[in-house]
>>> print(open('structure_1.cif').read())   # mmCIF, C-alpha atoms (C1' of nucleotides)
data_final
loop_
_atom_site.label_atom_id
_atom_site.label_comp_id
_atom_site.auth_asym_id
_atom_site.auth_seq_id
_atom_site.Cartn_x
_atom_site.Cartn_y
_atom_site.Cartn_z
CA MET A 1 53.88 152.54 2.09
CA LEU A 2 55.12 152.52 -1.44
CA PRO A 3 57.41 154.60 -3.50
CA PHE A 4 57.48 158.13 -2.20
CA LEU A 5 61.21 158.13 -2.63
CA TYR A 6 61.52 155.78 -5.52
CA ASP A 7 63.72 157.04 -8.30
CA PRO A 8 62.72 155.54 -11.65
CA LYS A 9 66.09 156.41 -13.10
CA ALA A 10 68.05 154.58 -10.42
CA ASP A 11 70.16 151.66 -11.47
CA ARG A 12 68.51 148.38 -10.61
CA GLU A 13 70.97 145.86 -11.97
CA VAL A 14 69.53 142.61 -13.18
CA ILE A 15 72.42 140.57 -11.96
CA GLU A 16 72.76 137.99 -9.30
CA ILE A 17 74.40 139.12 -6.15
CA VAL A 18 76.58 136.09 -5.76
CA ASP A 19 79.59 136.96 -3.67
CA GLU A 20 80.25 138.92 -0.51
CA GLU A 21 82.26 141.39 -2.56
CA LYS A 22 79.23 142.27 -4.65
CA VAL A 23 77.07 142.47 -1.53
CA LYS A 24 79.43 144.97 0.09
CA GLU A 25 79.41 147.11 -3.05
CA LYS A 26 75.63 147.07 -3.18
CA VAL A 27 75.31 147.87 0.50
CA GLU A 28 77.40 150.99 0.05
CA GLU A 29 75.49 151.91 -3.08
CA TYR A 30 72.15 151.69 -1.26
CA LEU A 31 73.45 153.62 1.73
CA ARG A 32 74.83 156.29 -0.55
CA SER A 33 71.41 156.66 -2.16
CA LEU A 34 69.82 157.00 1.26
CA GLN A 35 72.29 159.69 2.12
CA GLU A 36 71.60 161.53 -1.13
CA LYS A 37 67.95 161.67 -0.11
CA GLY A 38 68.92 163.21 3.22
CA PHE A 39 68.86 160.12 5.41
CA ARG A 40 71.72 159.17 7.65
CA ILE A 41 74.05 156.24 7.34
CA THR A 42 73.93 154.35 10.61
CA SER A 43 75.31 151.02 11.66
CA PRO A 44 71.89 149.42 12.16
CA ARG A 45 70.95 150.49 8.64
CA ARG A 46 74.19 149.12 7.20
CA LEU A 47 73.65 145.83 8.98
CA ILE A 48 70.04 145.52 7.87
CA VAL A 49 70.79 146.33 4.24
CA GLU A 50 73.69 143.91 4.29
CA THR A 51 71.59 141.10 5.68
CA ILE A 52 68.85 141.68 3.15
CA LEU A 53 71.33 141.64 0.29
CA GLN A 54 73.03 138.50 1.58
CA ASN A 55 69.62 136.89 1.43
CA TRP A 56 68.68 138.45 -1.89
CA ASP A 57 67.18 135.22 -3.20
CA LYS A 58 65.01 134.55 -0.13
CA HIS A 59 61.84 136.32 0.85
CA PRO A 60 62.46 137.03 4.52
CA ASN A 61 59.81 138.49 6.77
CA VAL A 62 60.61 140.94 9.54
CA ARG A 63 60.82 138.24 12.16
CA GLU A 64 63.31 136.27 10.10
CA LEU A 65 65.32 139.39 9.43
CA LEU A 66 65.38 140.09 13.15
CA ASP A 67 66.83 136.64 13.82
CA LEU A 68 69.44 136.94 11.09
CA ILE A 69 70.41 140.44 12.15
CA GLN A 70 70.54 139.74 15.85
CA GLU A 71 73.00 136.93 15.20
CA LYS A 72 75.36 139.69 14.12
CA ASP A 73 74.30 142.37 16.60
CA PRO A 74 71.78 141.46 19.27
CA SER A 75 71.22 145.09 20.17
CA ILE A 76 69.24 145.80 16.97
CA GLY A 77 65.56 146.23 17.76
CA LEU A 78 62.47 145.08 15.94
CA ALA A 79 61.15 148.60 15.36
CA THR A 80 64.34 149.60 13.59
CA ILE A 81 63.91 146.74 11.18
CA TYR A 82 60.34 147.74 10.46
CA ARG A 83 61.40 151.34 9.94
CA THR A 84 64.37 150.49 7.74
CA VAL A 85 62.47 148.04 5.62
CA GLU A 86 59.75 150.64 5.09
CA LEU A 87 62.37 153.13 4.01
CA LEU A 88 63.93 150.65 1.60
CA VAL A 89 60.53 149.93 0.07
CA GLU A 90 59.90 153.64 -0.34
CA MET A 91 63.29 153.97 -2.01
CA GLY A 92 62.36 151.20 -4.39
CA PHE A 93 65.15 148.89 -3.20
CA LEU A 94 62.76 146.31 -1.82
CA HIS A 95 59.44 144.90 -2.89
CA GLU A 96 56.88 143.96 -0.33
CA VAL A 97 55.65 140.43 -1.01
CA ASN A 98 52.26 139.28 0.24
CA LEU A 99 51.81 135.52 0.29
CA ASP A 100 48.55 135.80 2.25
CA GLU A 101 50.20 134.67 5.46
CA GLY A 102 49.15 137.60 7.58
CA PHE A 103 52.54 139.30 7.40
CA SER A 104 54.80 140.78 4.73
CA ARG A 105 57.91 139.38 3.19
CA PHE A 106 60.53 141.46 1.44
CA GLU A 107 62.64 140.92 -1.63
CA VAL A 108 65.43 142.87 -3.28
CA SER A 109 63.94 144.67 -6.31
CA LEU A 110 65.99 143.40 -9.19
CA LYS A 111 63.13 144.27 -11.51
CA ASP A 112 60.60 147.05 -11.20
CA ILE A 113 57.69 144.67 -11.66
CA HIS A 114 58.11 141.17 -10.45
CA PHE A 115 55.79 138.16 -10.44
CA HIS A 116 55.51 135.35 -7.92
CA LEU A 117 53.56 132.18 -8.46
CA VAL A 118 52.51 130.65 -5.15
CA CYS A 119 51.29 127.10 -4.66
CA ARG A 120 48.43 126.81 -2.19
CA GLY A 121 49.26 123.15 -1.81
CA CYS A 122 52.91 123.07 -0.84
CA GLY A 123 53.63 126.76 -0.44
CA ARG A 124 56.31 126.72 -3.11
CA VAL A 125 57.03 130.11 -4.67
CA VAL A 126 58.49 130.49 -8.15
CA HIS A 127 59.16 133.41 -10.45
CA LEU A 128 57.72 133.73 -13.94
CA LYS A 129 60.02 133.41 -16.94
CA ASP A 130 60.57 136.40 -19.22
CA GLU A 131 59.44 138.82 -16.58
CA ASP A 132 60.44 141.87 -18.58
CA GLN A 133 58.08 140.92 -21.34
CA LYS A 134 55.30 140.06 -18.91
CA SER A 135 55.76 143.28 -17.01
CA GLN A 136 55.36 145.10 -20.27
CA VAL A 137 52.09 143.29 -20.93
CA ALA A 138 50.81 144.25 -17.49
CA GLU A 139 51.93 147.83 -18.07
CA GLU A 140 49.98 147.91 -21.32
CA TRP A 141 46.88 146.61 -19.56
CA ALA A 142 47.21 149.40 -17.04
CA GLU A 143 47.92 152.12 -19.60
CA ASP A 144 44.86 151.02 -21.47
CA MET A 145 42.86 152.04 -18.39
CA GLY A 146 44.76 155.28 -17.92
CA PHE A 147 47.10 154.02 -15.21
CA THR A 148 50.87 153.85 -15.01
CA LEU A 149 52.09 150.90 -12.98
CA LEU A 150 54.42 151.47 -10.06
CA PRO A 151 57.18 149.03 -9.17
CA GLN A 152 55.75 146.12 -7.24
CA SER A 153 55.63 142.42 -6.68
CA ILE A 154 52.53 140.76 -8.07
CA GLU A 155 51.48 137.47 -6.50
CA LEU A 156 49.51 134.86 -8.43
CA PHE A 157 48.02 131.99 -6.44
CA GLY A 158 47.58 128.55 -7.87
CA VAL A 159 48.40 124.91 -7.44
CA CYS A 160 51.56 123.37 -8.80
CA HIS A 161 51.16 120.32 -10.98
CA GLU A 162 53.08 118.24 -8.53
CA CYS A 163 50.46 118.95 -5.90
CA LEU A 164 47.71 118.26 -8.42
CA ARG A 165 49.34 114.93 -9.22
CA LYS A 166 49.53 114.13 -5.51
CA GLY A 167 45.79 114.57 -5.39
CA PHE A 168 45.41 118.12 -4.21
CA ASP A 169 41.86 119.07 -5.09
CA PRO A 170 41.06 122.71 -4.47
CA SER A 171 37.38 121.91 -4.08
CA ARG A 172 37.97 119.20 -1.53
CA MET A 173 41.12 120.03 0.26
CA PRO A 174 41.56 118.57 3.69
CA GLN A 175 41.98 121.34 6.20
CA GLY A 176 45.37 121.68 7.74
CA GLU A 177 47.32 120.60 4.69
CA CYS A 178 47.78 124.03 3.20
CA ARG A 179 50.86 125.88 4.33
CA CYS A 180 49.43 129.13 3.12
CA ARG A 181 46.46 129.64 5.35
CA ARG A 182 46.28 132.97 7.02
CA ARG A 183 45.46 131.26 10.30
CA ARG A 184 48.84 129.71 10.63
CA ARG A 185 50.75 132.84 11.46
CA MET A 186 54.31 132.47 12.61
CA HIS A 187 57.69 132.45 11.21
CA ARG A 188 57.97 129.67 8.73
CA GLY A 189 61.49 129.68 7.38
CA LEU A 190 62.87 131.63 4.44
CA MET A 191 61.28 130.80 1.12
CA MET B 192 41.80 130.64 3.58
CA LEU B 193 41.12 129.95 -0.03
CA PRO B 194 39.15 127.49 -2.01
CA PHE B 195 38.77 124.33 -0.01
CA LEU B 196 35.16 124.23 -0.98
CA TYR B 197 35.31 125.93 -4.32
CA ASP B 198 33.51 124.10 -7.07
CA PRO B 199 34.99 124.90 -10.46
CA LYS B 200 31.82 123.74 -12.16
CA ALA B 201 29.55 126.08 -10.22
CA ASP B 202 27.68 128.71 -12.11
CA ARG B 203 29.24 132.10 -11.70
CA GLU B 204 27.00 134.30 -13.81
CA VAL B 205 28.64 137.26 -15.45
CA ILE B 206 25.64 139.46 -15.04
CA GLU B 207 25.04 142.55 -13.05
CA ILE B 208 22.97 142.07 -9.98
CA VAL B 209 20.87 145.14 -10.49
CA ASP B 210 17.58 144.68 -8.73
CA GLU B 211 16.41 143.39 -5.37
CA GLU B 212 14.65 140.56 -7.16
CA LYS B 213 17.90 139.31 -8.60
CA VAL B 214 19.60 139.72 -5.23
CA LYS B 215 17.00 137.60 -3.50
CA GLU B 216 17.39 134.88 -6.11
CA LYS B 217 21.14 134.89 -5.73
CA VAL B 218 20.95 134.84 -1.94
CA GLU B 219 18.87 131.69 -2.04
CA GLU B 220 21.14 130.17 -4.64
CA TYR B 221 24.21 130.75 -2.48
CA LEU B 222 22.48 129.47 0.63
CA ARG B 223 21.36 126.37 -1.23
CA SER B 224 24.95 125.72 -2.25
CA LEU B 225 26.05 126.07 1.35
CA GLN B 226 23.40 123.60 2.38
CA GLU B 227 24.51 121.14 -0.29
CA LYS B 228 27.99 121.21 1.21
CA GLY B 229 26.52 120.38 4.61
CA PHE B 230 26.35 123.86 6.13
CA ARG B 231 23.23 125.21 7.75
CA ILE B 232 21.05 128.02 6.52
CA THR B 233 20.80 130.52 9.34
CA SER B 234 19.38 133.99 9.52
CA PRO B 235 22.75 135.66 10.16
CA ARG B 236 24.10 133.92 7.07
CA ARG B 237 21.12 134.97 4.98
CA LEU B 238 21.50 138.54 6.12
CA ILE B 239 25.23 138.63 5.48
CA VAL B 240 24.94 137.10 2.02
CA GLU B 241 22.11 139.47 1.18
CA THR B 242 24.09 142.52 2.26
CA ILE B 243 27.13 141.45 0.31
CA LEU B 244 25.05 140.91 -2.81
CA GLN B 245 23.26 144.23 -2.41
CA ASN B 246 26.69 145.80 -2.41
CA TRP B 247 28.04 143.58 -5.20
CA ASP B 248 29.77 146.52 -6.92
CA LYS B 249 31.51 147.79 -3.78
CA HIS B 250 34.48 146.28 -2.06
CA PRO B 251 33.37 146.31 1.55
CA ASN B 252 35.66 145.34 4.40
CA VAL B 253 34.45 143.49 7.46
CA ARG B 254 33.97 146.66 9.44
CA GLU B 255 31.80 148.17 6.71
CA LEU B 256 29.83 144.96 6.40
CA LEU B 257 29.26 145.02 10.15
CA ASP B 258 27.82 148.53 9.93
CA LEU B 259 25.58 147.68 6.98
CA ILE B 260 24.40 144.48 8.58
CA GLN B 261 23.82 145.89 12.02
CA GLU B 262 21.52 148.51 10.51
CA LYS B 263 19.28 145.58 9.69
CA ASP B 264 19.93 143.46 12.76
CA PRO B 265 22.10 144.89 15.52
CA SER B 266 22.44 141.50 17.18
CA ILE B 267 24.79 140.17 14.49
CA GLY B 268 28.32 139.89 15.81
CA LEU B 269 31.66 140.67 14.25
CA ALA B 270 32.97 137.12 14.55
CA THR B 271 30.03 135.78 12.60
CA ILE B 272 30.83 138.11 9.76
CA TYR B 273 34.44 137.01 9.73
CA ARG B 274 33.37 133.38 9.80
CA THR B 275 30.75 133.76 7.08
CA VAL B 276 32.98 135.74 4.81
CA GLU B 277 35.68 133.10 5.18
CA LEU B 278 33.18 130.43 4.27
CA LEU B 279 32.01 132.37 1.22
CA VAL B 280 35.59 132.80 0.07
CA GLU B 281 36.18 129.08 0.48
CA MET B 282 33.05 128.40 -1.53
CA GLY B 283 34.36 130.65 -4.27
CA PHE B 284 31.49 133.14 -3.95
CA LEU B 285 33.74 135.95 -2.79
CA HIS B 286 37.19 137.12 -3.65
CA GLU B 287 39.40 138.59 -1.01
CA VAL B 288 40.77 141.93 -2.21
CA ASN B 289 43.99 143.34 -0.79
CA LEU B 290 44.49 147.04 -1.41
CA ASP B 291 47.45 147.20 0.98
CA GLU B 292 45.41 148.91 3.65
CA GLY B 293 46.12 146.48 6.44
CA PHE B 294 42.77 144.72 6.15
CA SER B 295 40.86 142.74 3.54
CA ARG B 296 38.00 143.78 1.35
CA PHE B 297 35.59 141.37 -0.30
CA GLU B 298 33.92 141.28 -3.66
CA VAL B 299 31.35 139.02 -5.27
CA SER B 300 33.21 136.66 -7.64
CA LEU B 301 31.60 137.31 -10.98
CA LYS B 302 34.74 136.00 -12.64
CA ASP B 303 37.16 133.36 -11.45
CA ILE B 304 40.14 135.62 -11.97
CA HIS B 305 39.62 139.29 -11.57
CA PHE B 306 41.96 142.29 -11.84
CA HIS B 307 41.94 145.54 -9.92
CA LEU B 308 43.98 148.58 -10.80
CA VAL B 309 44.58 150.74 -7.75
CA CYS B 310 45.77 154.34 -7.82
CA ARG B 311 48.28 155.16 -5.08
CA GLY B 312 47.46 158.81 -5.53
CA CYS B 313 43.71 159.03 -5.13
CA GLY B 314 42.89 155.47 -4.10
CA ARG B 315 40.60 154.95 -7.07
CA VAL B 316 40.04 151.31 -8.01
CA VAL B 317 39.07 150.23 -11.51
CA HIS B 318 38.69 146.89 -13.25
CA LEU B 319 40.58 145.91 -16.38
CA LYS B 320 38.73 145.59 -19.68
CA ASP B 321 38.45 142.18 -21.36
CA GLU B 322 39.16 140.36 -18.17
CA ASP B 323 38.42 136.95 -19.63
CA GLN B 324 41.14 137.35 -22.18
CA LYS B 325 43.57 138.73 -19.61
CA SER B 326 42.82 135.94 -17.18
CA GLN B 327 43.65 133.53 -19.92
CA VAL B 328 46.98 135.22 -20.48
CA ALA B 329 47.77 134.98 -16.77
CA GLU B 330 46.70 131.35 -16.77
CA GLU B 331 49.08 130.65 -19.63
CA TRP B 332 51.92 132.32 -17.75
CA ALA B 333 51.20 130.08 -14.81
CA GLU B 334 50.82 126.90 -16.84
CA ASP B 335 54.13 127.64 -18.45
CA MET B 336 55.66 127.28 -14.99
CA GLY B 337 53.66 124.18 -14.15
CA PHE B 338 51.00 125.92 -12.08
CA THR B 339 47.23 126.06 -12.45
CA LEU B 340 45.79 129.34 -11.23
CA LEU B 341 43.08 129.33 -8.61
CA PRO B 342 40.25 131.86 -8.61
CA GLN B 343 41.45 135.12 -7.12
CA SER B 344 41.54 138.87 -7.32
CA ILE B 345 44.82 140.26 -8.58
CA GLU B 346 45.69 143.80 -7.56
CA LEU B 347 47.95 146.00 -9.68
CA PHE B 348 49.19 149.23 -8.11
CA GLY B 349 49.85 152.32 -10.13
CA VAL B 350 49.05 155.98 -10.54
CA CYS B 351 46.12 157.16 -12.60
CA HIS B 352 46.87 159.72 -15.27
CA GLU B 353 44.66 162.23 -13.56
CA CYS B 354 46.89 162.08 -10.52
CA LEU B 355 49.97 162.28 -12.71
CA ARG B 356 48.53 165.38 -14.38
CA LYS B 357 47.83 166.88 -10.99
CA GLY B 358 51.51 166.55 -10.28
CA PHE B 359 51.67 163.31 -8.36
CA ASP B 360 55.27 162.23 -8.56
CA PRO B 361 55.92 158.81 -7.12
CA SER B 362 59.53 159.72 -6.39
CA ARG B 363 58.64 162.88 -4.56
CA MET B 364 55.25 162.40 -3.11
CA PRO B 365 54.45 164.50 -0.07
CA GLN B 366 53.65 162.27 2.83
CA GLY B 367 50.07 162.19 3.92
CA GLU B 368 48.60 162.60 0.47
CA CYS B 369 48.28 158.94 -0.31
CA ARG B 370 45.06 157.33 0.79
CA CYS B 371 46.57 153.93 0.42
CA ARG B 372 49.22 153.90 3.10
CA ARG B 373 49.11 150.99 5.42
CA ARG B 374 49.50 153.31 8.38
CA ARG B 375 46.13 154.88 7.90
CA ARG B 376 44.06 152.00 9.13
CA MET B 377 40.39 152.47 9.71
CA HIS B 378 37.28 152.20 7.84
CA ARG B 379 37.44 154.39 4.83
CA GLY B 380 34.13 154.06 2.99
CA LEU B 381 33.15 151.55 0.35
CA MET B 382 35.22 151.71 -2.80
"C1'" DT C 383 17.97 115.53 20.13
"C1'" DT C 384 22.09 116.22 18.14
"C1'" DT C 385 25.24 119.02 16.00
"C1'" DA C 386 26.28 123.28 13.97
"C1'" DC C 387 26.26 128.05 14.65
"C1'" DT C 388 26.33 132.46 17.16
"C1'" DG C 389 27.75 136.33 20.11
"C1'" DC C 390 30.75 137.79 23.30
"C1'" DA C 391 34.94 138.70 25.20
"C1'" DA C 392 39.51 137.52 25.40
"C1'" DA C 393 43.51 136.37 23.01
"C1'" DT C 394 46.74 136.56 19.12
"C1'" DG C 395 50.18 138.47 16.40
"C1'" DC C 396 51.79 141.83 13.04
"C1'" DT C 397 52.81 146.48 12.91
"C1'" DT C 398 53.15 151.21 14.57
"C1'" DT C 399 54.38 154.78 17.85
"C1'" DG C 400 55.84 157.80 21.99
"C1'" DC C 401 59.76 158.89 24.16
"C1'" DA C 402 64.25 159.29 26.26
"C1'" DA C 403 68.85 158.11 25.11
"C1'" DA C 404 72.29 157.49 21.55
"C1'" DT C 405 74.24 158.71 17.17
"C1'" DC C 406 75.31 161.06 12.94
"C1'" DA C 407 76.58 165.25 10.32
"C1'" DT D 408 75.40 171.31 18.59
"C1'" DG D 409 71.09 170.06 16.52
"C1'" DA D 410 68.42 166.98 14.03
"C1'" DT D 411 67.89 161.98 13.15
"C1'" DT D 412 67.72 157.59 14.51
"C1'" DT D 413 67.36 153.92 17.80
"C1'" DG D 414 65.53 150.57 21.29
"C1'" DC D 415 62.14 149.68 24.28
"C1'" DA D 416 57.80 149.07 25.78
"C1'" DA D 417 53.27 150.17 25.08
"C1'" DA D 418 49.74 150.74 22.00
"C1'" DG D 419 46.85 149.84 17.85
"C1'" DC D 420 44.15 147.03 15.07
"C1'" DA D 421 42.60 143.26 12.11
"C1'" DT D 422 41.59 138.77 12.86
"C1'" DT D 423 40.94 134.41 15.40
"C1'" DT D 424 39.23 131.55 19.08
"C1'" DG D 425 37.14 129.42 23.51
"C1'" DC D 426 32.98 128.82 25.34
"C1'" DA D 427 28.37 128.84 26.91
"C1'" DG D 428 24.04 129.59 25.02
"C1'" DT D 429 20.94 129.24 20.71
"C1'" DA D 430 19.04 127.43 16.73
"C1'" DA D 431 18.84 124.42 12.63
"C1'" DA D 432 17.78 119.71 10.93
#
>>> encode(input="structure_1.cif", output="structure tokens")
Amino acid sequence: MLPFLYDPKADREVIEIVDEEKVKEKVEEYLRSLQEKGFRITSPRRLIVETILQNWDKHPNVRELLDLIQEKDPSIGLATIYRTVELLVEMGFLHEVNLDEGFSRFEVSLKDIHFHLVCRGCGRVVHLKDEDQKSQVAEEWAEDMGFTLLPQSIELFGVCHECLRKGFDPSRMPQGECRCRRRRRMHRGLM
Amino acid sequence: MLPFLYDPKADREVIEIVDEEKVKEKVEEYLRSLQEKGFRITSPRRLIVETILQNWDKHPNVRELLDLIQEKDPSIGLATIYRTVELLVEMGFLHEVNLDEGFSRFEVSLKDIHFHLVCRGCGRVVHLKDEDQKSQVAEEWAEDMGFTLLPQSIELFGVCHECLRKGFDPSRMPQGECRCRRRRRMHRGLM
DNA sequence: TTTACTGCAAATGCTTTGCAAATCA
DNA sequence: TGATTTGCAAAGCATTTGCAGTAAA
């Protein structure tokens, strides 16, 4: 699944993609990169990339992407989304995010290595501060074992202090409260 | 899935489970803990726990566990293994390990927080050195964001230097070489 | 005896794939 | 035109679940 096509020298800007203007630019930039690797620019691909970039700060899963994309063009099929998302991950444009839900979420790769902190109580997902520095620490840990880290999203599971305050006790948690159980599959809204 | 039943005060010995004697002791210890939480000691559970402990240094998946267990008692069913393994994870005796293969592996929790380094080239999995210290670093990162980490296995994906030397290039990797692609499902031997 | 547990088979749900038609270069 | 890509429907596969029978306490 991962970066067969990833180019470590590619420009991954650490900026927020705030306006539609910026999104359009980025869409064309990504499509151009695809083309440079020998892939074709197609309208489903443009639409999918656009939708992902418009939701750059969410962590959509394929089902959610399908809904968002079909609002614009109902003819787009599920398999195309799977295939495009796989391609974008291989290109290094997306990170696959695993929140232990039984399906994958995807996020625009603004950093090569990215950390998520996931609350088992309320399901909240936050990013670490100073990720560049923390990535470097993780890279050193890996190098120390003779490994070079690839770009990826690293998920850390815990409980947020708000949930702890509300009485969440990991050793005595009432079933059914946790939003993050694998059991509960389904489409649960962008995070 | 995770630690509804986990007891942070439980004794998770950082010792190697080398001999059958030690395994037997541990099996009974785990079963006793189950019983204390109100679960029953049954022969399928004893067999499953025993097999997992005998393979404490592997990372078996459910399919592999089924094979190992059915060698001893062919009447044990797949669902029982899923259910027991889930229970053991909830108790904090096992960590669920995700190597991005499309299924879970399981490992005896000798540490609360445990790191795996996975090579995308050859599939090799190694553990970090000084895990206690590194866990503490990760815990500090989480606390800094108002989260308390739960026990878990954290997987870091990279390329080992041997693979790099052999010419593995993440940006130009020939399809089909990587043992870690999601596509290739199946049972691929204990790691 | 009561309740938990088990095995089986069926169901679930995410993801992948074969293929003919459509599209890009 | 020729190779990719797409959409659809059908598979594939890990995991979960309903239920009737079995076994622990």
>>> interface_residues(input="structure_1.cif", of="chain D", to="chain A", cutoff="10 Å", atoms="all atoms listed in the file", output="PyMOL selection string")
chain D and resi 411-415+421-423
>>> atom_distance(input="structure_1.cif", atom1="CA of Val218 in chain B", atom2="CA of Arg237 in chain B")
6.9 Å
>>> residues_around(input="structure_1.cif", residues="Asp335 in chain B", least_positions_apart="6", cutoff="10 Å", atoms="only C-alpha atoms (C1' of nucleotides)", output="PyMOL selection string")
(chain A and resi 128-129) or (chain B and resi 329)
>>> atom_distance(input="structure_1.cif", atom1="CA of Gln152 in chain A", atom2="CA of Asp112 in chain A")
6.3 Å
>>> atom_distance(input="structure_1.cif", atom1="C1' of DC426 in chain D", atom2="CA of Thr275 in chain B")
19.0 Å
>>> closest_residue(input="structure_1.cif", among="A:Leu87, A:Val97, A:Leu156, A:Leu149", to="His59 in chain A", atoms="all atoms listed in the file")
A:Val97
>>> interface_residues(input="structure_1.cif", of="chain C", to="chain B", cutoff="9 Å", atoms="only C-alpha atoms (C1' of nucleotides)", output="PDB file with C-alpha atoms (C1' of nucleotides), keeping the file's coordinate frame")
ATOM      1  C1'  DA C 386      26.280 123.280  13.970  1.00  0.00           C
ATOM      2  C1'  DC C 387      26.260 128.050  14.650  1.00  0.00           C
ATOM      3  C1'  DT C 388      26.330 132.460  17.160  1.00  0.00           C
ATOM      4  C1'  DG C 389      27.750 136.330  20.110  1.00  0.00           C
ATOM      5  C1'  DC C 390      30.750 137.790  23.300  1.00  0.00           C
ATOM      6  C1'  DT C 397      52.810 146.480  12.910  1.00  0.00           C
ATOM      7  C1'  DT C 398      53.150 151.210  14.570  1.00  0.00           C
TER       8       DT C 398
END
>>> resolve_selection(input="structure_1.cif", expression="the PyMOL selection byres ((chain B and resi 294-299) around 6)", output="PyMOL selection string")
chain B and resi 247+250-252+285-289+292-293+300-301
>>> build_atoms(input="structure_1.cif", residues="range 335-348 of chain B", atoms="N, CA and C atoms", output="mmCIF file, in the coordinates of the input")
data_model
loop_
_atom_site.group_PDB
_atom_site.id
_atom_site.type_symbol
_atom_site.label_atom_id
_atom_site.label_comp_id
_atom_site.auth_asym_id
_atom_site.auth_seq_id
_atom_site.Cartn_x
_atom_site.Cartn_y
_atom_site.Cartn_z
ATOM 1 N N ASP B 335 52.788 127.713 -17.908
ATOM 2 C CA ASP B 335 54.130 127.640 -18.450
ATOM 3 C C ASP B 335 55.149 127.318 -17.352
ATOM 4 N N MET B 336 54.785 127.594 -16.116
ATOM 5 C CA MET B 336 55.660 127.280 -14.990
ATOM 6 C C MET B 336 55.160 126.057 -14.235
ATOM 7 N N GLY B 337 54.180 125.370 -14.809
ATOM 8 C CA GLY B 337 53.660 124.180 -14.150
ATOM 9 C C GLY B 337 52.713 124.474 -13.000
ATOM 10 N N PHE B 338 51.976 125.565 -13.108
ATOM 11 C CA PHE B 338 51.000 125.920 -12.080
ATOM 12 C C PHE B 338 49.629 126.111 -12.726
ATOM 13 N N THR B 339 48.586 125.749 -12.006
ATOM 14 C CA THR B 339 47.230 126.060 -12.450
ATOM 15 C C THR B 339 46.691 127.131 -11.511
ATOM 16 N N LEU B 340 46.263 128.245 -12.076
ATOM 17 C CA LEU B 340 45.790 129.340 -11.230
ATOM 18 C C LEU B 340 44.477 128.984 -10.545
ATOM 19 N N LEU B 341 44.340 129.453 -9.342
ATOM 20 C CA LEU B 341 43.080 129.330 -8.610
ATOM 21 C C LEU B 341 42.301 130.634 -8.790
ATOM 22 N N PRO B 342 41.018 130.618 -8.506
ATOM 23 C CA PRO B 342 40.250 131.860 -8.610
ATOM 24 C C PRO B 342 40.787 132.872 -7.607
ATOM 25 N N GLN B 343 40.869 134.104 -8.003
ATOM 26 C CA GLN B 343 41.450 135.120 -7.120
ATOM 27 C C GLN B 343 41.271 136.502 -7.722
ATOM 28 N N SER B 344 41.509 137.477 -6.884
ATOM 29 C CA SER B 344 41.540 138.870 -7.320
ATOM 30 C C SER B 344 42.993 139.296 -7.322
ATOM 31 N N ILE B 345 43.426 139.848 -8.437
ATOM 32 C CA ILE B 345 44.820 140.260 -8.580
ATOM 33 C C ILE B 345 44.883 141.780 -8.598
ATOM 34 N N GLU B 346 45.610 142.350 -7.655
ATOM 35 C CA GLU B 346 45.690 143.800 -7.560
ATOM 36 C C GLU B 346 46.971 144.340 -8.197
ATOM 37 N N LEU B 347 46.807 145.338 -9.059
ATOM 38 C CA LEU B 347 47.950 146.000 -9.680
ATOM 39 C C LEU B 347 47.971 147.440 -9.182
ATOM 40 N N PHE B 348 49.096 147.879 -8.657
ATOM 41 C CA PHE B 348 49.190 149.230 -8.110
ATOM 42 C C PHE B 348 49.862 150.163 -9.101
#
